$ cat run-v9.txt   # compact mmCIF, C-alpha atoms
# COMPACT_ATOMS: atom_id res chain seq x y z
CA MET A 17 183.96 -78.27 90.83
CA THR A 18 187.03 -76.48 92.12
CA THR A 19 187.79 -73.84 94.73
CA ILE A 20 189.34 -70.70 93.27
CA LEU A 21 190.90 -67.60 94.82
CA ILE A 22 191.13 -64.37 92.81
CA THR A 23 193.17 -61.44 94.11
CA GLY A 24 192.03 -57.87 93.46
CA ALA A 25 188.58 -59.17 92.62
CA ASN A 26 186.12 -56.58 93.91
CA LYS A 27 186.13 -54.73 90.55
CA GLY A 28 187.19 -54.87 86.91
CA LEU A 29 188.61 -58.05 85.44
CA GLY A 30 188.83 -59.78 88.80
CA ARG A 31 185.16 -59.24 89.53
CA GLU A 32 184.07 -60.38 86.07
CA THR A 33 186.28 -63.45 86.33
CA ALA A 34 184.70 -64.28 89.67
CA ARG A 35 181.21 -63.86 88.24
CA ARG A 36 181.93 -66.16 85.31
CA LEU A 37 183.57 -68.86 87.41
CA ILE A 38 180.73 -68.83 89.94
CA ALA A 39 178.26 -69.17 87.06
CA ALA A 40 180.26 -72.22 85.90
CA GLY A 41 179.69 -73.84 89.29
CA HIS A 42 182.98 -73.20 91.06
CA THR A 43 183.48 -72.00 94.63
CA VAL A 44 185.20 -68.62 94.40
CA TYR A 45 187.03 -66.62 97.03
CA LEU A 46 186.93 -62.95 96.18
CA GLY A 47 190.11 -61.38 97.54
CA ALA A 48 190.19 -57.62 98.10
CA ARG A 49 192.04 -55.10 100.26
CA SER A 50 188.88 -53.28 101.29
CA THR A 51 186.61 -55.29 103.57
CA GLU A 52 183.66 -53.03 102.78
CA ARG A 53 183.98 -53.15 98.99
CA GLY A 54 185.10 -56.75 98.87
CA SER A 55 182.34 -58.13 101.07
CA ALA A 56 179.73 -56.15 99.12
CA ALA A 57 180.98 -57.53 95.80
CA ALA A 58 181.14 -61.06 97.18
CA ALA A 59 177.58 -60.84 98.49
CA GLU A 60 176.33 -59.59 95.14
CA LEU A 61 178.11 -62.31 93.16
CA GLY A 62 177.66 -65.23 95.54
CA ALA A 63 181.37 -65.51 96.28
CA ARG A 64 183.19 -66.02 99.56
CA PHE A 65 184.99 -62.88 100.66
CA VAL A 66 188.52 -62.97 102.04
CA GLN A 67 190.38 -59.82 103.03
CA LEU A 68 193.64 -59.89 101.10
CA ASP A 69 196.20 -57.16 100.62
CA VAL A 70 198.94 -58.67 98.46
CA THR A 71 201.48 -56.16 99.81
CA ASP A 72 200.94 -57.17 103.45
CA ASP A 73 202.38 -60.35 104.95
CA ALA A 74 199.90 -60.52 107.82
CA SER A 75 196.93 -60.12 105.49
CA VAL A 76 198.15 -62.89 103.20
CA THR A 77 198.88 -65.22 106.14
CA ALA A 78 195.38 -64.66 107.52
CA ALA A 79 193.85 -65.32 104.09
CA VAL A 80 195.72 -68.62 103.80
CA ALA A 81 194.44 -69.68 107.22
CA ALA A 82 190.85 -68.79 106.31
CA VAL A 83 190.93 -70.66 103.00
CA GLU A 84 192.64 -73.68 104.54
CA ALA A 85 190.12 -73.86 107.39
CA ALA A 86 187.27 -73.85 104.88
CA GLY A 87 188.66 -76.79 102.89
CA GLY A 88 191.62 -75.77 100.75
CA LEU A 89 192.36 -74.37 97.30
CA ASP A 90 192.63 -75.67 93.74
CA VAL A 91 193.19 -72.54 91.66
CA LEU A 92 194.95 -69.24 92.32
CA VAL A 93 194.37 -66.28 90.01
CA ASN A 94 196.96 -63.57 90.63
CA ASN A 95 194.96 -60.65 89.27
CA ALA A 96 195.80 -57.75 91.62
CA GLY A 97 197.85 -55.10 89.85
CA ILE A 98 198.50 -51.37 89.65
CA GLU A 99 199.87 -48.76 87.30
CA VAL A 100 201.38 -45.50 88.60
CA ARG A 101 201.11 -42.20 86.71
CA SER A 102 202.40 -38.71 87.37
CA PRO A 103 200.36 -36.35 89.59
CA GLU A 104 199.07 -34.80 86.35
CA GLY A 105 197.90 -38.20 85.11
CA ALA A 106 200.64 -38.69 82.53
CA ILE A 107 202.13 -42.09 81.76
CA ILE A 108 205.66 -42.25 83.16
CA GLY A 109 208.20 -43.21 80.52
CA ALA A 110 211.80 -44.30 80.92
CA ALA A 111 213.07 -40.70 80.79
CA GLU A 112 210.98 -39.75 83.84
CA LEU A 113 211.12 -43.08 85.69
CA THR A 114 212.32 -43.07 89.29
CA ALA A 115 213.28 -45.91 91.59
CA ASP A 116 210.36 -45.01 93.86
CA VAL A 117 207.83 -45.38 91.03
CA LEU A 118 209.33 -48.68 89.95
CA ARG A 119 209.35 -49.94 93.55
CA GLU A 120 205.70 -49.00 94.05
CA VAL A 121 204.57 -50.85 90.92
CA PHE A 122 206.71 -53.90 91.65
CA GLU A 123 205.46 -54.06 95.25
CA THR A 124 202.00 -55.06 94.03
CA ASN A 125 202.56 -56.53 90.58
CA VAL A 126 205.65 -58.62 91.33
CA PHE A 127 206.40 -58.89 95.06
CA GLY A 128 202.70 -59.21 95.84
CA LEU A 129 202.33 -62.02 93.31
CA VAL A 130 205.30 -63.86 94.80
CA ARG A 131 204.07 -63.29 98.37
CA VAL A 132 200.62 -64.72 97.59
CA THR A 133 201.86 -67.59 95.43
CA GLN A 134 204.43 -68.75 97.97
CA ALA A 135 201.90 -68.56 100.78
CA PHE A 136 199.26 -70.61 98.97
CA LEU A 137 201.62 -73.19 97.45
CA PRO A 138 201.11 -75.68 100.32
CA LEU A 139 197.35 -75.62 99.76
CA LEU A 140 197.69 -75.90 95.98
CA GLN A 141 200.02 -78.86 96.32
CA ARG A 142 197.27 -80.77 98.13
CA SER A 143 194.88 -80.31 95.19
CA ALA A 144 194.38 -83.07 92.63
CA ALA A 145 194.54 -80.50 89.80
CA PRO A 146 196.27 -77.30 90.94
CA VAL A 147 196.29 -74.28 88.65
CA VAL A 148 197.89 -70.83 88.86
CA VAL A 149 196.92 -68.03 86.47
CA ASN A 150 199.11 -64.94 86.48
CA VAL A 151 197.38 -61.97 84.87
CA SER A 152 200.09 -60.38 82.74
CA SER A 153 199.84 -58.01 79.77
CA GLY A 154 200.69 -57.85 76.10
CA LEU A 155 203.05 -55.04 77.16
CA ALA A 156 205.20 -57.70 78.83
CA SER A 157 206.33 -59.16 75.51
CA LEU A 158 209.96 -58.37 74.72
CA THR A 159 209.24 -59.41 71.13
CA GLU A 160 206.64 -56.66 70.86
CA ALA A 161 208.43 -54.10 73.05
CA GLY A 162 208.56 -50.57 71.72
CA LYS A 163 205.18 -50.64 70.02
CA GLY A 164 202.78 -48.00 71.26
CA TYR A 165 202.68 -47.72 75.05
CA PRO A 166 205.39 -45.35 76.35
CA GLY A 167 205.33 -46.38 80.01
CA ALA A 168 208.24 -48.18 81.66
CA ALA A 169 207.34 -49.51 85.12
CA TYR A 170 204.15 -51.42 84.31
CA PRO A 171 205.56 -53.33 81.29
CA ALA A 172 208.74 -54.13 83.26
CA SER A 173 206.66 -55.54 86.10
CA LYS A 174 204.65 -57.75 83.76
CA THR A 175 207.76 -58.99 81.95
CA THR A 176 208.99 -60.06 85.38
CA VAL A 177 205.65 -61.80 85.99
CA ASN A 178 206.18 -63.75 82.76
CA MET A 179 209.65 -64.90 83.83
CA LEU A 180 208.34 -65.91 87.25
CA THR A 181 205.57 -67.87 85.54
CA VAL A 182 208.14 -69.88 83.60
CA GLN A 183 210.24 -70.51 86.69
CA TYR A 184 207.27 -71.58 88.82
CA ALA A 185 206.10 -73.90 86.05
CA LYS A 186 209.51 -75.56 85.96
CA ALA A 187 209.66 -75.88 89.74
CA PHE A 188 206.15 -77.36 90.04
CA PRO A 189 205.52 -79.55 86.98
CA GLN A 190 202.46 -81.11 88.60
CA MET A 191 200.71 -77.72 88.46
CA ARG A 192 199.35 -75.83 85.45
CA ILE A 193 200.94 -72.38 85.75
CA ASN A 194 200.47 -69.83 82.97
CA ALA A 195 200.52 -66.10 82.26
CA VAL A 196 197.61 -64.50 80.41
CA GLU A 197 197.09 -61.28 78.45
CA PRO A 198 193.47 -60.08 78.82
CA GLY A 199 193.87 -57.37 76.17
CA TYR A 200 193.40 -53.62 76.42
CA THR A 201 190.35 -53.71 78.67
CA ALA A 202 188.54 -50.67 80.03
CA THR A 203 189.17 -50.69 83.79
CA ASP A 204 190.23 -48.13 86.36
CA LEU A 205 193.81 -49.42 85.96
CA ASN A 206 193.98 -47.55 82.64
CA ARG A 207 191.38 -44.93 83.55
CA TYR A 208 188.87 -46.73 81.33
CA GLU A 209 190.87 -45.96 78.21
CA GLY A 210 190.82 -49.62 77.11
CA VAL A 211 188.88 -50.71 74.04
CA GLN A 212 187.58 -54.05 75.33
CA THR A 213 184.84 -54.79 77.85
CA VAL A 214 185.61 -56.71 81.02
CA GLU A 215 183.54 -59.56 79.59
CA GLN A 216 185.95 -59.80 76.66
CA GLY A 217 189.03 -59.36 78.81
CA ALA A 218 188.07 -62.02 81.32
CA GLU A 219 187.64 -64.69 78.65
CA VAL A 220 191.23 -65.98 78.69
CA ILE A 221 191.49 -65.77 82.48
CA VAL A 222 188.35 -67.85 82.94
CA ARG A 223 189.50 -70.40 80.36
CA MET A 224 192.97 -70.86 81.86
CA ALA A 225 191.60 -71.04 85.41
CA GLN A 226 189.64 -74.14 84.40
CA LEU A 227 192.54 -76.11 82.91
CA GLY A 228 192.68 -79.82 83.61
CA PRO A 229 195.80 -81.81 84.55
CA ASP A 230 196.61 -82.35 80.86
CA GLY A 231 196.49 -78.63 80.03
CA PRO A 232 199.48 -76.50 79.03
CA THR A 233 201.88 -75.02 81.55
CA GLY A 234 204.65 -72.44 81.50
CA GLY A 235 203.01 -70.48 78.68
CA TYR A 236 201.85 -66.97 77.82
CA TYR A 237 198.40 -66.72 76.25
CA ASP A 238 195.71 -64.36 75.05
CA ALA A 239 192.20 -65.23 73.86
CA ALA A 240 193.53 -66.28 70.44
CA GLY A 241 196.34 -68.54 71.65
CA ARG A 242 200.00 -68.53 72.60
CA LEU A 243 201.94 -65.26 72.56
CA PRO A 244 205.63 -64.55 71.82
CA TRP A 245 207.76 -63.85 74.86

$ encode --input "run-v9.txt" --output "structure tokens"
Amino acid sequence: MTTILITGANKGLGRETARRLIAAGHTVYLGARSTERGSAAAAELGARFVQLDVTDDASVTAAVAAVEAAGGLDVLVNNAGIEVRSPEGAIIGAAELTADVLREVFETNVFGLVRVTQAFLPLLQRSAAPVVVNVSSGLASLTEAGKGYPGAAYPASKTTVNMLTVQYAKAFPQMRINAVEPGYTATDLNRYEGVQTVEQGAEVIVRMAQLGPDGPTGGYYDAAGRLPW
């Protein structure tokens, strides 16, 4: 079995992914910003807790050291993500978008993903079957852009995640690196407005986290298969 780290895993899709992967026999590090909430979730699930704030260099460096000291890493699931709304709770569209809002969303969804991935690359490169799963969104698809969701910052951040996925896959052909779309899942990210359960949403994340060396790389997938960029 493999050793897997999931960021933002004390709740929602991250927590359900951890639960499923532990049930499948894997060793799972549950990464979370909050030591209290993260350690409680890890204890309940049977995971190993590691304090991990994807926006903080020192936190990420300490997490790498902890995982390395315990034996290394095979799979990284970049799950941590945020959406920012107006003080009234409204989705912020392009007409209302500010640089500060965009910067806040990108700090976690994009810069945080890069910070964590770059930091853990040395450990992943030592694995016999390294895998990276970047949790993206159907809203990232340029082919499907303009349908439904009016927000600007979150889709832009996930489109960037998709491009980074392709570039990482090209740079590290020995790894299986893919972006996944869990679907519109009810979590606190969308104020539980989603229509899927976390059990349904985690399906594609769990599947892609368990890819073997002959699995696909550089792709964008949902539960039904490959998606258009």

$ residues_around --input "run-v9.txt" --residues "range 112-126 of chain A" --least-positions-apart "6" --cutoff "12 Å" --atoms "all atoms listed in the file" --output "VMD selection string"
chain A and resid 23 to 24 49 68 to 73 94 to 103 106 132 to 133 150 to 153 166 to 181 205

$ residues_around --input "run-v9.txt" --residues "Gly231 in chain A" --least-positions-apart "2" --cutoff "10 Å" --atoms "only C-alpha atoms" --output "list of chain:residue names"
A:Val147, A:Met191, A:Arg192, A:Ile193, A:Met224, A:Gln226, A:Leu227, A:Gly228, A:Pro229, A:Thr233

$ closest_residue --input "run-v9.txt" --among "A:Val182, A:Ala81, A:Val130, A:Val196" --to "Val149 in chain A" --atoms "all atoms listed in the file"
A:Val196

$ atom_distance --input "run-v9.txt" --atom1 "CA of Ala63 in chain A" --atom2 "CA of Val214 in chain A"
18.1 Å

$ closest_residue --input "run-v9.txt" --among "A:Pro138, A:Gly234, A:Gly241, A:Gly88" --to "Glu219 in chain A" --atoms "all atoms listed in the file"
A:Gly241

$ closest_residue --input "run-v9.txt" --among "A:Gly105, A:Arg31, A:Leu21, A:Ser157" --to "Val66 in chain A" --atoms "all atoms listed in the file"
A:Leu21

$ closest_residue --input "run-v9.txt" --among "A:Val83, A:Val93, A:Ile108, A:Leu243" --to "Ala156 in chain A" --atoms "all atoms listed in the file"
A:Leu243

$ closest_residue --input "run-v9.txt" --among "A:Phe136, A:Gly164, A:Thr18, A:Ala59" --to "Val80 in chain A" --atoms "only C-alpha atoms"
A:Phe136

$ closest_residue --input "run-v9.txt" --among "A:Glu104, A:Glu84, A:Glu52, A:Asp238" --to "Asn194 in chain A" --atoms "all atoms listed in the file"
A:Asp238

$ residues_around --input "run-v9.txt" --residues "Ser55 in chain A" --least-positions-apart "6" --cutoff "12 Å" --atoms "only C-alpha atoms" --output "number ranges by chain"
A: 25-27, 31, 45-49, 61-68

$ atom_distance --input "run-v9.txt" --atom1 "CA of Ile20 in chain A" --atom2 "CA of Ile38 in chain A"
9.4 Å

$ residues_around --input "run-v9.txt" --residues "Leu89 in chain A" --least-positions-apart "5" --cutoff "6 Å" --atoms "only C-alpha atoms" --output "PDB file with C-alpha atoms, in the coordinates of the input"
ATOM      1  CA  THR A  19     187.790 -73.840  94.730  1.00  0.00           C
ATOM      2  CA  LEU A 139     197.350 -75.620  99.760  1.00  0.00           C
ATOM      3  CA  LEU A 140     197.690 -75.900  95.980  1.00  0.00           C
TER       4      LEU A 140
END

$ axis_aligned_box --input "run-v9.txt" --around "range 55-70 of chain A" --padding-each-side "3 Å" --output "AutoDock Vina command-line options"
--center_x 187.6 --center_y -61.1 --center_z 98.1 --size_x 28.6 --size_y 15.9 --size_z 15.9

$ atom_distance --input "run-v9.txt" --atom1 "CA of Gln141 in chain A" --atom2 "CA of Thr43 in chain A"
18.0 Å

$ decode --input "run-v9.txt" --residues "range 79-108 of chain A" --atoms "N, CA, C and O atoms" --output "PDB file, in the first residue's frame"
ATOM      1  N   ALA A  79       5.925  20.322   7.373  1.00  0.00           N
ATOM      2  CA  ALA A  79       5.161  19.138   6.966  1.00  0.00           C
ATOM      3  C   ALA A  79       6.026  18.186   6.147  1.00  0.00           C
ATOM      4  O   ALA A  79       5.964  16.960   6.324  1.00  0.00           O
ATOM      5  N   VAL A  80       6.826  18.724   5.253  1.00  0.00           N
ATOM      6  CA  VAL A  80       7.736  17.887   4.463  1.00  0.00           C
ATOM      7  C   VAL A  80       8.686  17.128   5.385  1.00  0.00           C
ATOM      8  O   VAL A  80       8.903  15.923   5.230  1.00  0.00           O
ATOM      9  N   ALA A  81       9.256  17.828   6.340  1.00  0.00           N
ATOM     10  CA  ALA A  81      10.190  17.196   7.270  1.00  0.00           C
ATOM     11  C   ALA A  81       9.531  16.074   8.056  1.00  0.00           C
ATOM     12  O   ALA A  81      10.120  15.000   8.257  1.00  0.00           O
ATOM     13  N   ALA A  82       8.290  16.302   8.496  1.00  0.00           N
ATOM     14  CA  ALA A  82       7.573  15.286   9.274  1.00  0.00           C
ATOM     15  C   ALA A  82       7.279  14.049   8.439  1.00  0.00           C
ATOM     16  O   ALA A  82       7.468  12.912   8.898  1.00  0.00           O
ATOM     17  N   VAL A  83       6.821  14.261   7.212  1.00  0.00           N
ATOM     18  CA  VAL A  83       6.491  13.126   6.341  1.00  0.00           C
ATOM     19  C   VAL A  83       7.753  12.376   5.929  1.00  0.00           C
ATOM     20  O   VAL A  83       7.778  11.139   5.891  1.00  0.00           O
ATOM     21  N   GLU A  84       8.811  13.107   5.652  1.00  0.00           N
ATOM     22  CA  GLU A  84      10.075  12.459   5.276  1.00  0.00           C
ATOM     23  C   GLU A  84      10.627  11.628   6.423  1.00  0.00           C
ATOM     24  O   GLU A  84      11.082  10.489   6.228  1.00  0.00           O
ATOM     25  N   ALA A  85      10.581  12.160   7.634  1.00  0.00           N
ATOM     26  CA  ALA A  85      11.103  11.450   8.798  1.00  0.00           C
ATOM     27  C   ALA A  85      10.345  10.162   9.071  1.00  0.00           C
ATOM     28  O   ALA A  85      10.906   9.185   9.592  1.00  0.00           O
ATOM     29  N   ALA A  86       9.070  10.139   8.685  1.00  0.00           N
ATOM     30  CA  ALA A  86       8.230   8.961   8.932  1.00  0.00           C
ATOM     31  C   ALA A  86       8.299   7.941   7.797  1.00  0.00           C
ATOM     32  O   ALA A  86       7.647   6.896   7.865  1.00  0.00           O
ATOM     33  N   GLY A  87       9.057   8.243   6.740  1.00  0.00           N
ATOM     34  CA  GLY A  87       9.231   7.225   5.695  1.00  0.00           C
ATOM     35  C   GLY A  87       9.006   7.650   4.267  1.00  0.00           C
ATOM     36  O   GLY A  87       9.281   6.881   3.345  1.00  0.00           O
ATOM     37  N   GLY A  88       8.483   8.855   4.029  1.00  0.00           N
ATOM     38  CA  GLY A  88       8.345   9.308   2.649  1.00  0.00           C
ATOM     39  C   GLY A  88       6.911   9.386   2.165  1.00  0.00           C
ATOM     40  O   GLY A  88       5.963   9.214   2.943  1.00  0.00           O
ATOM     41  N   LEU A  89       6.764   9.637   0.849  1.00  0.00           N
ATOM     42  CA  LEU A  89       5.449   9.898   0.275  1.00  0.00           C
ATOM     43  C   LEU A  89       5.348   9.317  -1.130  1.00  0.00           C
ATOM     44  O   LEU A  89       6.299   9.393  -1.913  1.00  0.00           O
ATOM     45  N   ASP A  90       4.184   8.749  -1.435  1.00  0.00           N
ATOM     46  CA  ASP A  90       3.920   8.209  -2.771  1.00  0.00           C
ATOM     47  C   ASP A  90       2.906   9.038  -3.548  1.00  0.00           C
ATOM     48  O   ASP A  90       2.983   9.134  -4.771  1.00  0.00           O
ATOM     49  N   VAL A  91       1.930   9.598  -2.840  1.00  0.00           N
ATOM     50  CA  VAL A  91       0.817  10.285  -3.512  1.00  0.00           C
ATOM     51  C   VAL A  91       0.528  11.607  -2.814  1.00  0.00           C
ATOM     52  O   VAL A  91       0.418  11.655  -1.579  1.00  0.00           O
ATOM     53  N   LEU A  92       0.380  12.654  -3.610  1.00  0.00           N
ATOM     54  CA  LEU A  92      -0.023  13.962  -3.099  1.00  0.00           C
ATOM     55  C   LEU A  92      -1.365  14.336  -3.708  1.00  0.00           C
ATOM     56  O   LEU A  92      -1.508  14.348  -4.934  1.00  0.00           O
ATOM     57  N   VAL A  93      -2.326  14.645  -2.858  1.00  0.00           N
ATOM     58  CA  VAL A  93      -3.634  15.116  -3.314  1.00  0.00           C
ATOM     59  C   VAL A  93      -3.765  16.584  -2.916  1.00  0.00           C
ATOM     60  O   VAL A  93      -3.918  16.910  -1.739  1.00  0.00           O
ATOM     61  N   ASN A  94      -3.674  17.463  -3.911  1.00  0.00           N
ATOM     62  CA  ASN A  94      -3.816  18.897  -3.676  1.00  0.00           C
ATOM     63  C   ASN A  94      -5.303  19.239  -3.662  1.00  0.00           C
ATOM     64  O   ASN A  94      -5.902  19.546  -4.692  1.00  0.00           O
ATOM     65  N   ASN A  95      -5.884  19.178  -2.476  1.00  0.00           N
ATOM     66  CA  ASN A  95      -7.329  19.358  -2.327  1.00  0.00           C
ATOM     67  C   ASN A  95      -7.705  20.716  -1.748  1.00  0.00           C
ATOM     68  O   ASN A  95      -8.806  21.220  -2.007  1.00  0.00           O
ATOM     69  N   ALA A  96      -6.824  21.340  -0.971  1.00  0.00           N
ATOM     70  CA  ALA A  96      -7.157  22.595  -0.299  1.00  0.00           C
ATOM     71  C   ALA A  96      -7.573  23.656  -1.311  1.00  0.00           C
ATOM     72  O   ALA A  96      -6.904  23.853  -2.327  1.00  0.00           O
ATOM     73  N   GLY A  97      -8.674  24.326  -1.040  1.00  0.00           N
ATOM     74  CA  GLY A  97      -9.144  25.358  -1.956  1.00  0.00           C
ATOM     75  C   GLY A  97     -10.170  26.253  -1.285  1.00  0.00           C
ATOM     76  O   GLY A  97     -10.831  25.855  -0.320  1.00  0.00           O
ATOM     77  N   ILE A  98     -10.315  27.472  -1.810  1.00  0.00           N
ATOM     78  CA  ILE A  98     -11.288  28.417  -1.267  1.00  0.00           C
ATOM     79  C   ILE A  98     -12.039  29.108  -2.403  1.00  0.00           C
ATOM     80  O   ILE A  98     -11.600  29.130  -3.545  1.00  0.00           O
ATOM     81  N   GLU A  99     -13.190  29.653  -2.038  1.00  0.00           N
ATOM     82  CA  GLU A  99     -13.927  30.568  -2.893  1.00  0.00           C
ATOM     83  C   GLU A  99     -14.227  31.801  -2.045  1.00  0.00           C
ATOM     84  O   GLU A  99     -14.510  31.670  -0.851  1.00  0.00           O
ATOM     85  N   VAL A 100     -14.141  32.983  -2.627  1.00  0.00           N
ATOM     86  CA  VAL A 100     -14.417  34.220  -1.890  1.00  0.00           C
ATOM     87  C   VAL A 100     -15.688  34.851  -2.434  1.00  0.00           C
ATOM     88  O   VAL A 100     -15.851  34.990  -3.655  1.00  0.00           O
ATOM     89  N   ARG A 101     -16.589  35.230  -1.533  1.00  0.00           N
ATOM     90  CA  ARG A 101     -17.820  35.925  -1.915  1.00  0.00           C
ATOM     91  C   ARG A 101     -17.847  37.316  -1.296  1.00  0.00           C
ATOM     92  O   ARG A 101     -17.008  37.667  -0.465  1.00  0.00           O
ATOM     93  N   SER A 102     -18.816  38.102  -1.694  1.00  0.00           N
ATOM     94  CA  SER A 102     -18.974  39.441  -1.141  1.00  0.00           C
ATOM     95  C   SER A 102     -19.392  39.341   0.322  1.00  0.00           C
ATOM     96  O   SER A 102     -19.844  38.287   0.786  1.00  0.00           O
ATOM     97  N   PRO A 103     -19.281  40.437   1.087  1.00  0.00           N
ATOM     98  CA  PRO A 103     -19.726  40.407   2.493  1.00  0.00           C
ATOM     99  C   PRO A 103     -21.187  39.998   2.643  1.00  0.00           C
ATOM    100  O   PRO A 103     -21.588  39.465   3.678  1.00  0.00           O
ATOM    101  N   GLU A 104     -21.981  40.232   1.595  1.00  0.00           N
ATOM    102  CA  GLU A 104     -23.400  39.846   1.635  1.00  0.00           C
ATOM    103  C   GLU A 104     -23.619  38.407   1.210  1.00  0.00           C
ATOM    104  O   GLU A 104     -24.751  37.919   1.205  1.00  0.00           O
ATOM    105  N   GLY A 105     -22.547  37.716   0.810  1.00  0.00           N
ATOM    106  CA  GLY A 105     -22.650  36.324   0.404  1.00  0.00           C
ATOM    107  C   GLY A 105     -22.874  36.117  -1.077  1.00  0.00           C
ATOM    108  O   GLY A 105     -23.097  34.992  -1.518  1.00  0.00           O
ATOM    109  N   ALA A 106     -22.782  37.189  -1.859  1.00  0.00           N
ATOM    110  CA  ALA A 106     -23.004  37.068  -3.300  1.00  0.00           C
ATOM    111  C   ALA A 106     -21.750  36.587  -4.014  1.00  0.00           C
ATOM    112  O   ALA A 106     -20.625  36.918  -3.626  1.00  0.00           O
ATOM    113  N   ILE A 107     -21.959  35.795  -5.072  1.00  0.00           N
ATOM    114  CA  ILE A 107     -20.854  35.376  -5.922  1.00  0.00           C
ATOM    115  C   ILE A 107     -20.308  36.606  -6.652  1.00  0.00           C
ATOM    116  O   ILE A 107     -21.066  37.440  -7.153  1.00  0.00           O
ATOM    117  N   ILE A 108     -19.003  36.730  -6.714  1.00  0.00           N
ATOM    118  CA  ILE A 108     -18.366  37.902  -7.309  1.00  0.00           C
ATOM    119  C   ILE A 108     -18.051  37.628  -8.779  1.00  0.00           C
ATOM    120  O   ILE A 108     -17.196  36.798  -9.103  1.00  0.00           O
TER     121      ILE A 108
END
